[in-house]
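Pasting query.txt here (compact mmCIF, C-alpha atoms and all ligand atoms):
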# COMPACT_ATOMS: atom_id res chain seq x y z
CA MET A 1 11.34 -3.77 -21.23
CA ILE A 2 10.95 -7.27 -19.86
CA VAL A 3 12.62 -10.49 -20.87
CA VAL A 4 10.35 -13.46 -20.23
CA MET A 5 12.36 -16.64 -19.67
CA ARG A 6 10.93 -20.03 -20.50
CA SER A 7 9.83 -22.05 -17.48
CA GLY A 8 12.64 -24.26 -16.27
CA THR A 9 15.43 -21.95 -17.50
CA PRO A 10 18.62 -22.85 -15.62
CA GLU A 11 19.74 -20.27 -13.08
CA ILE A 12 23.11 -19.94 -14.75
CA GLU A 13 21.43 -18.92 -18.01
CA ILE A 14 19.32 -16.27 -16.23
CA SER A 15 22.51 -14.82 -14.71
CA ARG A 16 24.31 -14.92 -18.03
CA VAL A 17 21.51 -13.01 -19.81
CA SER A 18 21.25 -10.51 -16.95
CA LYS A 19 25.01 -9.89 -16.96
CA GLU A 20 25.05 -9.38 -20.70
CA LEU A 21 22.22 -6.85 -20.46
CA SER A 22 24.01 -5.01 -17.66
CA THR A 23 26.98 -4.47 -19.96
CA TRP A 24 24.55 -2.62 -22.25
CA GLY A 25 24.03 -0.05 -19.51
CA LEU A 26 20.65 -1.45 -18.44
CA THR A 27 19.61 -2.41 -14.93
CA ALA A 28 18.47 -6.02 -15.02
CA GLU A 29 16.20 -7.20 -12.18
CA LYS A 30 15.25 -10.81 -11.70
CA ILE A 31 11.55 -11.21 -10.89
CA VAL A 32 10.56 -14.69 -9.79
CA GLY A 33 6.94 -15.39 -10.65
CA LYS A 34 4.81 -18.43 -9.87
CA HIS A 35 5.57 -20.12 -13.17
CA GLN A 36 8.31 -18.14 -14.82
CA VAL A 37 11.24 -15.86 -14.25
CA VAL A 38 11.11 -12.45 -15.85
CA ILE A 39 14.10 -10.15 -16.19
CA GLY A 40 12.95 -6.55 -15.84
CA LEU A 41 15.06 -4.01 -17.69
CA VAL A 42 15.21 -0.37 -16.68
CA GLY A 43 17.28 2.28 -18.42
CA ASP A 44 17.50 3.61 -21.91
CA THR A 45 15.79 0.61 -23.51
CA ALA A 46 14.37 2.64 -26.40
CA GLN A 47 17.62 2.27 -28.32
CA TYR A 48 17.42 -1.53 -28.32
CA ASP A 49 15.38 -3.78 -30.53
CA PRO A 50 13.57 -6.56 -28.64
CA LEU A 51 14.56 -8.96 -31.41
CA GLN A 52 18.23 -8.20 -30.77
CA ILE A 53 17.79 -9.30 -27.15
CA GLN A 54 15.70 -12.31 -28.11
CA GLU A 55 18.76 -13.70 -29.92
CA PHE A 56 20.76 -13.84 -26.69
CA SER A 57 19.44 -17.19 -25.64
CA PRO A 58 17.10 -19.94 -26.78
CA TRP A 59 15.69 -19.82 -23.22
CA ILE A 60 14.16 -16.42 -23.87
CA GLU A 61 10.47 -16.80 -24.62
CA GLN A 62 9.61 -13.18 -25.34
CA VAL A 63 10.98 -9.67 -25.05
CA LEU A 64 8.31 -7.05 -24.45
CA ARG A 65 8.36 -3.30 -24.12
CA VAL A 66 6.69 -1.71 -21.09
CA GLY A 67 4.55 0.96 -22.67
CA GLN A 68 3.83 2.91 -19.47
CA PRO A 69 5.96 5.75 -18.06
CA PHE A 70 6.09 3.85 -14.77
CA LYS A 71 8.12 0.69 -15.22
CA ARG A 72 8.73 -1.35 -12.06
CA VAL A 73 5.22 -0.77 -10.71
CA SER A 74 3.51 -1.59 -13.98
CA ARG A 75 1.53 -4.77 -14.31
CA GLU A 76 3.52 -5.57 -17.44
CA TYR A 77 6.80 -5.53 -15.52
CA ARG A 78 5.76 -8.70 -13.69
CA HIS A 79 4.25 -10.12 -16.85
CA GLY A 80 0.75 -9.69 -15.42
CA GLU A 81 1.37 -11.35 -12.07
CA ALA A 82 0.17 -9.56 -8.91
CA SER A 83 2.72 -8.91 -6.21
CA ASP A 84 2.15 -10.15 -2.70
CA VAL A 85 3.29 -7.79 0.05
CA VAL A 86 3.85 -10.08 3.00
CA VAL A 87 4.09 -8.39 6.38
CA SER A 88 5.33 -10.14 9.43
CA THR A 89 3.31 -9.34 12.57
CA PRO A 90 3.48 -10.97 16.02
CA ASN A 91 0.22 -12.76 15.12
CA GLY A 92 1.74 -14.17 11.93
CA LEU A 93 2.25 -13.29 8.30
CA VAL A 94 -0.33 -11.06 6.63
CA HIS A 95 -0.61 -10.97 2.84
CA PHE A 96 -1.68 -7.87 0.96
CA SER A 97 -2.51 -9.27 -2.45
CA GLU A 98 -5.36 -9.82 -4.84
CA HIS A 99 -5.01 -13.55 -4.16
CA HIS A 100 -5.66 -13.24 -0.41
CA PRO A 101 -8.52 -12.21 1.85
CA VAL A 102 -9.16 -8.52 2.45
CA VAL A 103 -6.90 -7.17 5.22
CA LEU A 104 -8.53 -4.90 7.80
CA VAL A 105 -6.53 -2.02 9.25
CA ALA A 106 -8.26 -0.03 11.98
CA GLY A 107 -7.51 2.42 14.74
CA PRO A 108 -7.62 6.04 15.71
CA CYS A 109 -6.42 8.93 13.61
CA SER A 110 -3.96 9.88 16.37
CA VAL A 111 -2.47 7.95 19.24
CA GLU A 112 -3.73 9.93 22.22
CA ASN A 113 -2.74 7.91 25.29
CA GLU A 114 -1.88 4.37 26.27
CA ALA A 115 -5.31 3.37 27.56
CA MET A 116 -7.14 4.45 24.39
CA ILE A 117 -4.68 2.92 21.97
CA VAL A 118 -4.53 -0.41 23.81
CA GLU A 119 -8.30 -0.54 24.23
CA THR A 120 -8.88 0.32 20.57
CA ALA A 121 -6.34 -2.30 19.51
CA GLN A 122 -8.08 -4.97 21.57
CA ARG A 123 -11.50 -4.06 20.23
CA VAL A 124 -10.52 -3.90 16.57
CA LYS A 125 -8.59 -7.14 16.89
CA ALA A 126 -11.65 -8.87 18.34
CA ALA A 127 -13.66 -7.59 15.36
CA GLY A 128 -11.16 -9.07 12.89
CA ALA A 129 -8.55 -6.40 12.18
CA GLN A 130 -4.98 -7.56 11.56
CA PHE A 131 -3.38 -4.12 11.81
CA LEU A 132 -3.66 -1.21 14.17
CA ARG A 133 -3.28 2.23 12.65
CA GLY A 134 -2.55 5.37 14.63
CA GLY A 135 -0.64 8.56 13.98
CA ALA A 136 2.26 9.65 16.15
CA PHE A 137 3.34 12.39 13.76
CA LYS A 138 0.23 14.07 12.35
CA PRO A 139 0.08 16.20 9.20
CA ARG A 140 -2.43 18.92 10.14
CA THR A 141 -3.67 21.74 7.97
CA SER A 142 -3.40 24.17 10.88
CA PRO A 143 -0.14 24.60 12.78
CA TYR A 144 -2.29 25.20 15.87
CA ALA A 145 -4.08 21.84 15.65
CA PHE A 146 -2.90 18.80 17.60
CA GLN A 147 0.28 17.61 15.89
CA GLY A 148 0.45 14.15 17.45
CA HIS A 149 2.50 13.08 20.46
CA GLY A 150 5.49 12.22 18.26
CA GLU A 151 8.13 9.82 19.51
CA SER A 152 6.35 9.00 22.76
CA ALA A 153 3.31 7.81 20.78
CA LEU A 154 5.54 5.33 18.97
CA GLY A 155 6.18 3.70 22.33
CA LEU A 156 2.42 3.49 22.93
CA LEU A 157 1.94 1.77 19.57
CA ALA A 158 4.60 -0.72 20.60
CA ALA A 159 2.65 -1.35 23.82
CA ALA A 160 -0.54 -1.94 21.83
CA ARG A 161 1.26 -4.43 19.62
CA GLU A 162 2.66 -6.16 22.67
CA ALA A 163 -0.85 -6.41 24.11
CA THR A 164 -2.56 -7.67 20.95
CA GLY A 165 -0.02 -8.96 18.44
CA LEU A 166 -1.51 -6.68 15.78
CA GLY A 167 0.78 -5.23 13.14
CA ILE A 168 1.34 -1.48 13.34
CA ILE A 169 0.88 1.07 10.57
CA THR A 170 1.94 4.62 11.32
CA GLU A 171 2.95 7.64 9.31
CA VAL A 172 6.38 9.11 8.77
CA MET A 173 6.20 12.81 7.91
CA ASP A 174 9.86 13.71 7.93
CA ALA A 175 12.84 11.69 6.77
CA ALA A 176 14.59 12.70 9.99
CA ASP A 177 12.12 10.50 11.93
CA LEU A 178 12.23 7.54 9.57
CA GLU A 179 14.56 5.36 11.61
CA LYS A 180 12.46 5.78 14.77
CA VAL A 181 9.19 5.19 12.93
CA ALA A 182 10.50 2.16 11.03
CA ALA A 183 11.78 0.66 14.28
CA ILE A 184 8.17 0.41 15.55
CA ALA A 185 6.04 0.24 12.40
CA ASP A 186 5.43 -2.99 10.52
CA VAL A 187 4.28 -0.84 7.61
CA VAL A 188 5.45 2.76 7.21
CA GLN A 189 2.78 5.14 5.95
CA VAL A 190 3.51 8.03 3.61
CA GLY A 191 0.54 10.37 3.83
CA ALA A 192 -1.40 12.10 1.09
CA ARG A 193 0.39 15.39 1.69
CA ASN A 194 3.79 13.79 1.24
CA MET A 195 2.96 11.62 -1.75
CA GLN A 196 5.26 13.68 -3.96
CA ASN A 197 7.91 14.37 -1.35
CA PHE A 198 10.50 12.72 -3.54
CA SER A 199 13.34 12.82 -1.05
CA LEU A 200 11.10 11.06 1.50
CA LEU A 201 10.05 8.51 -1.14
CA LYS A 202 13.70 7.74 -1.87
CA ARG A 203 14.39 7.31 1.83
CA VAL A 204 11.48 4.93 2.47
CA GLY A 205 12.57 3.09 -0.66
CA ALA A 206 16.01 2.58 0.81
CA GLN A 207 14.79 0.88 4.00
CA ASP A 208 13.22 -2.55 4.44
CA LYS A 209 9.79 -2.00 5.96
CA PRO A 210 6.82 -2.17 3.56
CA VAL A 211 5.39 1.22 2.62
CA LEU A 212 1.76 2.33 2.49
CA LEU A 213 1.60 5.13 -0.06
CA LYS A 214 -1.55 7.20 0.22
CA ARG A 215 -2.81 9.01 -2.85
CA GLY A 216 -2.16 12.73 -2.87
CA MET A 217 -5.37 14.69 -2.67
CA SER A 218 -4.81 16.21 -6.11
CA ALA A 219 -2.78 13.40 -7.61
CA THR A 220 -3.68 11.71 -10.85
CA ILE A 221 -3.27 7.97 -10.96
CA GLU A 222 -0.15 8.44 -13.02
CA ASP A 223 1.34 10.89 -10.47
CA TRP A 224 0.62 8.30 -7.79
CA LEU A 225 2.16 5.39 -9.67
CA MET A 226 5.23 7.47 -10.51
CA ALA A 227 5.55 8.22 -6.78
CA ALA A 228 5.41 4.48 -6.07
CA GLU A 229 8.02 3.99 -8.80
CA TYR A 230 10.44 6.13 -6.75
CA ILE A 231 10.12 3.69 -3.85
CA LEU A 232 10.65 0.61 -6.01
CA ALA A 233 13.50 2.29 -7.89
CA ALA A 234 15.21 2.93 -4.55
CA GLY A 235 15.10 -0.80 -3.81
CA ASN A 236 11.93 -1.46 -1.83
CA PRO A 237 9.44 -3.62 -3.76
CA ASN A 238 6.87 -3.74 -0.93
CA VAL A 239 4.45 -0.91 -1.59
CA ILE A 240 0.70 -0.82 -0.94
CA LEU A 241 -1.33 1.90 -2.66
CA CYS A 242 -4.06 3.55 -0.59
CA GLU A 243 -6.94 5.45 -2.20
CA ARG A 244 -8.13 7.98 0.39
CA GLY A 245 -10.24 10.38 -1.62
CA ILE A 246 -9.32 13.25 -3.87
CA ARG A 247 -10.33 16.89 -4.06
CA THR A 248 -13.17 17.63 -6.40
CA PHE A 249 -15.54 20.59 -6.39
CA ASP A 250 -17.94 19.62 -3.63
CA ARG A 251 -16.66 19.56 -0.06
CA GLN A 252 -19.93 20.49 1.56
CA TYR A 253 -21.22 17.04 2.38
CA ALA A 254 -18.23 14.78 2.02
CA ARG A 255 -14.64 15.72 2.91
CA ASN A 256 -13.24 14.18 -0.27
CA THR A 257 -14.40 12.24 -3.31
CA LEU A 258 -13.51 8.61 -2.82
CA ASP A 259 -12.35 7.38 -6.20
CA LEU A 260 -13.51 3.78 -6.19
CA ALA A 261 -12.93 3.56 -9.93
CA ALA A 262 -9.26 3.72 -9.02
CA ILE A 263 -9.52 0.10 -7.85
CA PRO A 264 -10.10 -1.54 -11.25
CA VAL A 265 -7.91 1.08 -12.93
CA LEU A 266 -4.98 0.28 -10.63
CA ARG A 267 -5.63 -3.42 -11.01
CA SER A 268 -5.11 -3.14 -14.74
CA LEU A 269 -2.09 -0.83 -14.52
CA THR A 270 -0.09 -2.17 -11.59
CA HIS A 271 0.80 -5.37 -9.76
CA LEU A 272 0.87 -3.57 -6.40
CA PRO A 273 -1.80 -4.31 -3.77
CA ILE A 274 -4.58 -1.82 -3.13
CA MET A 275 -6.04 -0.37 0.06
CA VAL A 276 -9.06 1.90 0.40
CA ASP A 277 -9.58 4.38 3.24
CA PRO A 278 -13.28 5.32 3.35
CA SER A 279 -12.75 7.35 6.54
CA HIS A 280 -10.64 10.10 4.97
CA GLY A 281 -12.46 9.37 1.71
CA THR A 282 -15.77 10.63 3.07
CA GLY A 283 -14.92 12.44 6.31
CA ARG A 284 -18.15 11.26 7.90
CA ALA A 285 -18.64 8.12 10.00
CA GLU A 286 -22.12 7.54 8.62
CA TYR A 287 -20.82 7.21 5.06
CA VAL A 288 -17.99 4.83 5.90
CA PRO A 289 -19.93 1.52 5.86
CA ALA A 290 -21.37 1.99 2.36
CA MET A 291 -18.00 2.93 0.90
CA ALA A 292 -16.19 0.13 2.73
CA MET A 293 -18.62 -2.44 1.32
CA ALA A 294 -18.40 -0.93 -2.14
CA ALA A 295 -14.60 -1.03 -1.99
CA ILE A 296 -14.64 -4.76 -1.23
CA ALA A 297 -17.15 -5.37 -4.00
CA ALA A 298 -14.91 -3.41 -6.37
CA GLY A 299 -11.91 -5.59 -5.48
CA THR A 300 -9.81 -3.79 -2.89
CA ASP A 301 -7.17 -5.90 -1.13
CA SER A 302 -7.47 -4.07 2.17
CA LEU A 303 -9.37 -1.39 4.06
CA MET A 304 -8.18 1.27 6.48
CA ILE A 305 -10.85 2.49 8.87
CA GLU A 306 -10.57 5.05 11.65
CA VAL A 307 -11.92 3.81 14.98
CA HIS A 308 -11.93 5.79 18.24
CA PRO A 309 -13.34 4.80 21.63
CA ASN A 310 -15.01 8.21 21.94
CA PRO A 311 -15.16 9.99 18.57
CA ALA A 312 -16.76 13.11 20.04
CA LYS A 313 -13.63 13.66 22.13
CA ALA A 314 -11.06 12.65 19.49
CA LEU A 315 -8.08 14.98 19.10
CA SER A 316 -8.27 14.55 15.31
CA ASP A 317 -10.77 13.24 12.78
CA GLY A 318 -13.54 12.48 15.28
CA PRO A 319 -16.40 13.07 12.79
CA GLN A 320 -15.15 10.28 10.51
CA SER A 321 -14.28 7.80 13.25
CA LEU A 322 -16.42 4.78 14.08
CA THR A 323 -16.80 3.58 17.65
CA PRO A 324 -15.42 0.10 18.33
CA GLY A 325 -19.02 -1.15 18.47
CA GLN A 326 -19.79 0.36 15.06
CA PHE A 327 -16.62 -1.16 13.67
CA ASP A 328 -17.61 -4.57 14.98
CA GLU A 329 -21.02 -4.24 13.35
CA LEU A 330 -19.41 -3.08 10.13
CA THR A 331 -17.09 -6.09 9.93
CA GLN A 332 -20.15 -8.33 10.00
CA GLN A 333 -21.60 -6.47 7.02
CA LEU A 334 -18.23 -6.55 5.27
CA ALA A 335 -18.05 -10.30 5.77
CA VAL A 336 -21.19 -10.74 3.68
CA VAL A 337 -19.69 -8.83 0.74
CA GLY A 338 -16.23 -10.31 1.29
CA LYS A 339 -17.58 -13.85 1.17
CA ALA A 340 -19.65 -13.07 -1.92
CA VAL A 341 -16.50 -12.05 -3.79
CA GLY A 342 -14.38 -14.84 -2.29
CA ARG A 343 -12.11 -12.52 -0.35
CA TRP A 344 -12.95 -13.11 3.32
CA ALA A 345 -10.92 -14.86 5.98
CA GLN A 346 -12.27 -16.71 8.95
CA ILE A 347 -12.20 -14.29 11.90
CA PRO A 348 -10.23 -15.77 14.80
CA THR A 349 -12.49 -16.40 17.76
CA THR A 350 -9.91 -15.59 20.43
CA ALA A 351 -9.62 -11.92 21.36
C1 LIG B 401 -4.23 9.53 8.21
O1 LIG B 401 -4.18 8.37 7.76
O2 LIG B 401 -4.54 9.80 9.39
C2 LIG B 401 -3.98 10.66 7.31
C3 LIG B 401 -3.52 11.81 7.75
O3 LIG B 401 -4.30 10.35 6.05
P1 LIG B 401 -4.10 11.17 4.68
O4 LIG B 401 -2.61 11.31 4.51
O5 LIG B 401 -4.73 10.26 3.67
O6 LIG B 401 -4.81 12.48 4.84
MN MN B 402 -7.07 10.85 10.16
Using structure tokens, write down the structure that the file contains.
Amino acid sequence: MIVVMRSGTPEIEISRVSKELSTWGLTAEKIVGKHQVVIGLVGDTAQYDPLQIQEFSPWIEQVLRVGQPFKRVSREYRHGEASDVVVSTPNGLVHFSEHHPVVLVAGPCSVENEAMIVETAQRVKAAGAQFLRGGAFKPRTSPYAFQGHGESALGLLAAAREATGLGIITEVMDAADLEKVAAIADVVQVGARNMQNFSLLKRVGAQDKPVLLKRGMSATIEDWLMAAEYILAAGNPNVILCERGIRTFDRQYARNTLDLAAIPVLRSLTHLPIMVDPSHGTGRAEYVPAMAMAAIAAGTDSLMIEVHPNPAKALSDGPQSLTPGQFDELTQQLAVVGKAVGRWAQIPTTA
């Protein structure tokens, strides 16, 4: 349920209404919007009549039920207003939001060594990326495949940030590593395979770094939003949802089926920002540009693209990785679509 306060409601009245609702056994959360304050109510709201609450105060404009099973992540919970996940990077604040330019996240699947991660960071920065991605802890289907360099790779990501000022996005696979990962990452990634690892979701929800929640490969949109709800319920409102392709029946030509329809669907259901990963979504470098452009046209707030200095030699996901040169070319194509939909930022000219 949400309680929409009239604009200009005195702070003391908002606190009074919130306190009163807390005594009813409900959790009352103050959500400050651009024009209004909304009090979000979570708990057993079914037993209360909105009209009963409406009588609390003449400053209450409306009391509305949230019809969805997910509450805090629902669009209704913020009375229709999009949330803005603001990430602080050495190069400045970056906004993931439908009201800001598309954010580009690029980098290798895995951090392999210092030279490659720093070089990739420099190249993707010059092409317009604001974030470097790179896995230190890699979820691999085979236990015999390269598992990532672990903690030492976190240090290499820190070196790449030092060299470029890019923000860092890297995955946490195990709650035991969360503190170390969060110490380096500007955004902590929860991968597709862990999307419903509820104990991990609670842990990332209880720390302060923004979380990138990738869609599980067999997750419905509702499963995914309920997973995000765990993170918000644990206290972290800064979640970005990443569509990275789902399993359908044909894996012969594309690794996954990139669900671009998820973009408008999420937009209507949730206030959280959206990212699309066409690299894992297709599994093939040659299909990445078309899907990246389509994702921008469909309204994504950000893109995650795998880039490797030598894809043929990559320790993971080489076939879907662009070279830095291909990424640079792609950003020029993306700029055309991004400008057409009013979502493109001026690329800084300094490398
Ligand atoms: C990745 O981003 O490298 C990754 C493993 O992604 P996903 O969890 O979407 O498979
Ligand atoms: Mn990968």
### Task
Using only C-alpha atoms and all ligand atoms, find each protein or nucleic acid residue lying at most 6 Å from ligand LIG 401 (chain B); present the set as number ranges by chain.
A: 109, 139, 191-193, 214, 244
### Query
Do you know which residues lie at most 10 Å from (19.2, -12.8, -9.9), with coordinates as in the file and all atoms listed in the file counted, and could you write them as a VMD selection string?
chain A and resid 11 to 12 14 to 16 18 to 19 28 to 32 37 39
Which residues of range 114-182 of chain A come within 12 Å of range 280-303 of chain A, and what is each one's closest atom pair and distance in Å (one decimal), counting all atoms listed in the file, sorted by chain and residue number, as a tab-separated table?
residue	atom	partner	partner_atom	distance
A:Gly128	CA	A:Leu303	CA	11.8
A:Ala129	CA	A:Leu303	CA	9.6
A:Gln130	CA	A:Ser302	CA	10.3
A:Phe131	CA	A:Leu303	CA	10.2
A:Leu132	CA	A:Leu303	CA	11.6
A:Arg133	CA	A:Leu303	CA	11.1
Surrounding residues as a tab-separated table (two decimals) with C-alpha atoms, keeping the file's coordinate frame, ligand MN 402 (chain B), max 12 Å, all atoms listed in the file:
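Final file, part37.tsv:
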chain	number	residue	atom	x	y	z
A	106	ALA	CA	-8.26	-0.03	11.98
A	107	GLY	CA	-7.51	2.42	14.74
A	108	PRO	CA	-7.62	6.04	15.71
A	109	CYS	CA	-6.42	8.93	13.61
A	110	SER	CA	-3.96	9.88	16.37
A	111	VAL	CA	-2.47	7.95	19.24
A	133	ARG	CA	-3.28	2.23	12.65
A	134	GLY	CA	-2.55	5.37	14.63
A	135	GLY	CA	-0.64	8.56	13.98
A	136	ALA	CA	2.26	9.65	16.15
A	137	PHE	CA	3.34	12.39	13.76
A	138	LYS	CA	0.23	14.07	12.35
A	139	PRO	CA	0.08	16.20	9.20
A	140	ARG	CA	-2.43	18.92	10.14
A	141	THR	CA	-3.67	21.74	7.97
A	146	PHE	CA	-2.90	18.80	17.60
A	147	GLN	CA	0.28	17.61	15.89
A	148	GLY	CA	0.45	14.15	17.45
A	170	THR	CA	1.94	4.62	11.32
A	171	GLU	CA	2.95	7.64	9.31
A	191	GLY	CA	0.54	10.37	3.83
A	192	ALA	CA	-1.40	12.10	1.09
A	214	LYS	CA	-1.55	7.20	0.22
A	244	ARG	CA	-8.13	7.98	0.39
A	255	ARG	CA	-14.64	15.72	2.91
A	277	ASP	CA	-9.58	4.38	3.24
A	278	PRO	CA	-13.28	5.32	3.35
A	279	SER	CA	-12.75	7.35	6.54
A	280	HIS	CA	-10.64	10.10	4.97
A	281	GLY	CA	-12.46	9.37	1.71
A	282	THR	CA	-15.77	10.63	3.07
A	283	GLY	CA	-14.92	12.44	6.31
A	284	ARG	CA	-18.15	11.26	7.90
A	285	ALA	CA	-18.64	8.12	10.00
A	304	MET	CA	-8.18	1.27	6.48
A	305	ILE	CA	-10.85	2.49	8.87
A	306	GLU	CA	-10.57	5.05	11.65
A	307	VAL	CA	-11.92	3.81	14.98
A	308	HIS	CA	-11.93	5.79	18.24
A	311	PRO	CA	-15.16	9.99	18.57
A	314	ALA	CA	-11.06	12.65	19.49
A	315	LEU	CA	-8.08	14.98	19.10
A	316	SER	CA	-8.27	14.55	15.31
A	317	ASP	CA	-10.77	13.24	12.78
A	318	GLY	CA	-13.54	12.48	15.28
A	319	PRO	CA	-16.40	13.07	12.79
A	320	GLN	CA	-15.15	10.28	10.51
A	321	SER	CA	-14.28	7.80	13.25
A	322	LEU	CA	-16.42	4.78	14.08
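CA of Ala312 in chain A to CA of Glu112 in chain A spans 13.6 Å [interatomic distance, one decimal].
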Output as a Markdown table one row per residue of range 41-98 of chain A within 8 Å of range 174-189 of chain A: the closest atom pair and its distance in Å to one decimal place, counting all atoms listed in the file, sorted by chain and residue number ascending.
| residue | atom | partner | partner_atom | distance |
| --- | --- | --- | --- | --- |
| A:Val87 | CA | A:Asp186 | CA | 6.9 |
| A:Ser88 | CA | A:Asp186 | CA | 7.2 |
| A:Thr89 | CA | A:Asp186 | CA | 7.0 |
Please define a box with edges along x, y and z of the file around all atoms of range 187-197 of chain A given in the file, extend it by 6 Å on each side, and return its centre and edge lengths in Å to one decimal, as AutoDock Vina command-line options.
--center_x 3.3 --center_y 7.3 --center_z 1.8 --size_x 21.3 --size_y 28.2 --size_z 23.6
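Going from CA of Tyr253 in chain A to CA of Asp328 in chain A covers 25.3 Å.
With distances restricted to only C-alpha atoms, A:Phe327 is the closest residue to Ala127 in chain A from A:Phe327, A:Trp344, A:Trp59, A:Phe70.
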### Query
For the point (10.6, -3.2, -16.2) in file coordinates, what residues are within 6 Å, counting only C-alpha atoms? Give the answer as a PyMOL selection string?
chain A and resi 1-2+40-42+71-72+77
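Note that the spacing between CA of Ile221 in chain A and CA of Ala340 in chain A amounts to 28.2 Å.
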### Query
Taking all atoms listed in the file into account, which of A:Val204, A:Val211, A:Ala262, A:Leu272 comes nearest His99 in chain A?
A:Leu272
### From A:Met217, A:Ala115, A:Val124, A:Leu269, residue lying nearest Glu329 in chain A [all atoms listed in the file]
A:Val124
Generate the coordinates of N, CA and C atoms for range 182-201 of chain A; report them as a compact mmCIF listing (two decimals), in the coordinates of the input.
# COMPACT_ATOMS: atom_id res chain seq x y z
N ALA A 182 10.34 3.50 11.62
CA ALA A 182 10.50 2.16 11.03
C ALA A 182 10.87 1.13 12.10
N ALA A 183 11.42 1.60 13.22
CA ALA A 183 11.78 0.66 14.28
C ALA A 183 10.53 0.09 14.95
N ILE A 184 9.42 0.84 14.90
CA ILE A 184 8.17 0.41 15.55
C ILE A 184 7.16 -0.12 14.51
N ALA A 185 7.08 0.57 13.39
CA ALA A 185 6.04 0.24 12.40
C ALA A 185 6.34 -1.07 11.68
N ASP A 186 5.29 -1.82 11.40
CA ASP A 186 5.43 -2.99 10.52
C ASP A 186 5.22 -2.55 9.08
N VAL A 187 4.46 -1.48 8.91
CA VAL A 187 4.28 -0.84 7.61
C VAL A 187 4.40 0.67 7.84
N VAL A 188 5.24 1.31 7.06
CA VAL A 188 5.45 2.76 7.21
C VAL A 188 4.52 3.49 6.24
N GLN A 189 3.74 4.40 6.79
CA GLN A 189 2.78 5.14 5.95
C GLN A 189 3.38 6.45 5.46
N VAL A 190 3.21 6.70 4.16
CA VAL A 190 3.51 8.03 3.61
C VAL A 190 2.16 8.64 3.31
N GLY A 191 1.87 9.78 3.92
CA GLY A 191 0.54 10.37 3.83
C GLY A 191 0.30 11.10 2.52
N ALA A 192 -0.98 11.43 2.32
CA ALA A 192 -1.40 12.10 1.09
C ALA A 192 -0.57 13.36 0.81
N ARG A 193 -0.32 14.12 1.87
CA ARG A 193 0.39 15.39 1.69
C ARG A 193 1.85 15.21 1.32
N ASN A 194 2.38 14.05 1.56
CA ASN A 194 3.79 13.79 1.24
C ASN A 194 3.96 12.87 0.03
N MET A 195 2.87 12.62 -0.67
CA MET A 195 2.96 11.62 -1.75
C MET A 195 4.03 11.99 -2.78
N GLN A 196 4.22 13.28 -3.00
CA GLN A 196 5.26 13.68 -3.96
C GLN A 196 6.46 14.33 -3.27
N ASN A 197 6.69 13.94 -2.02
CA ASN A 197 7.91 14.37 -1.35
C ASN A 197 8.99 13.38 -1.79
N PHE A 198 9.63 13.72 -2.89
CA PHE A 198 10.50 12.72 -3.54
C PHE A 198 11.68 12.31 -2.69
N SER A 199 12.20 13.24 -1.88
CA SER A 199 13.34 12.82 -1.05
C SER A 199 12.86 11.83 0.01
N LEU A 200 11.64 12.03 0.52
CA LEU A 200 11.10 11.06 1.50
C LEU A 200 10.84 9.71 0.81
N LEU A 201 10.32 9.76 -0.41
CA LEU A 201 10.05 8.51 -1.14
C LEU A 201 11.34 7.72 -1.35
